[in-house]
Amino acid sequence: MGQKVKCLNCGQTIEGDLKGTFIQCKCGKIAIDQTSQYVR
Ligand SMILES: [Zn+2]
């Protein structure tokens, strides 16, 4: 399934799905899409 990333800034865990949905944590520090994760 999708990958999970926990934001160390706000503590929220976001989980990507397989539809390519772009998801950001509530503080916007990290985001995830279908194939990649980003840390800003
Ligand atoms: Zn965050």
# chains A, B, ... in the order shown; residues from 1 in each chain; ligands from 1
>>> closest_atom_pairs(of="chain A", to="ligand 1", cutoff="12 Å", atoms="only C-alpha atoms and all ligand atoms", output="Markdown table")
| residue | atom | partner | partner_atom_place_in_ligand_line | distance |
| --- | --- | --- | --- | --- |
| A:Val5 | CA | ligand 1 | 1 (Zn) | 9.9 |
| A:Lys6 | CA | ligand 1 | 1 (Zn) | 7.8 |
| A:Cys7 | CA | ligand 1 | 1 (Zn) | 4.6 |
| A:Leu8 | CA | ligand 1 | 1 (Zn) | 6.6 |
| A:Asn9 | CA | ligand 1 | 1 (Zn) | 4.9 |
| A:Cys10 | CA | ligand 1 | 1 (Zn) | 4.1 |
| A:Gly11 | CA | ligand 1 | 1 (Zn) | 6.1 |
| A:Gln12 | CA | ligand 1 | 1 (Zn) | 5.9 |
| A:Thr13 | CA | ligand 1 | 1 (Zn) | 8.2 |
| A:Ile14 | CA | ligand 1 | 1 (Zn) | 9.0 |
| A:Ile23 | CA | ligand 1 | 1 (Zn) | 11.0 |
| A:Gln24 | CA | ligand 1 | 1 (Zn) | 7.6 |
| A:Cys25 | CA | ligand 1 | 1 (Zn) | 4.6 |
| A:Lys26 | CA | ligand 1 | 1 (Zn) | 5.3 |
| A:Cys27 | CA | ligand 1 | 1 (Zn) | 4.1 |
| A:Gly28 | CA | ligand 1 | 1 (Zn) | 5.4 |
| A:Lys29 | CA | ligand 1 | 1 (Zn) | 4.8 |
| A:Ile30 | CA | ligand 1 | 1 (Zn) | 5.9 |
| A:Ala31 | CA | ligand 1 | 1 (Zn) | 8.5 |
| A:Ile32 | CA | ligand 1 | 1 (Zn) | 11.5 |
| A:Tyr38 | CA | ligand 1 | 1 (Zn) | 11.4 |
| A:Val39 | CA | ligand 1 | 1 (Zn) | 9.7 |
| A:Arg40 | CA | ligand 1 | 1 (Zn) | 10.1 |
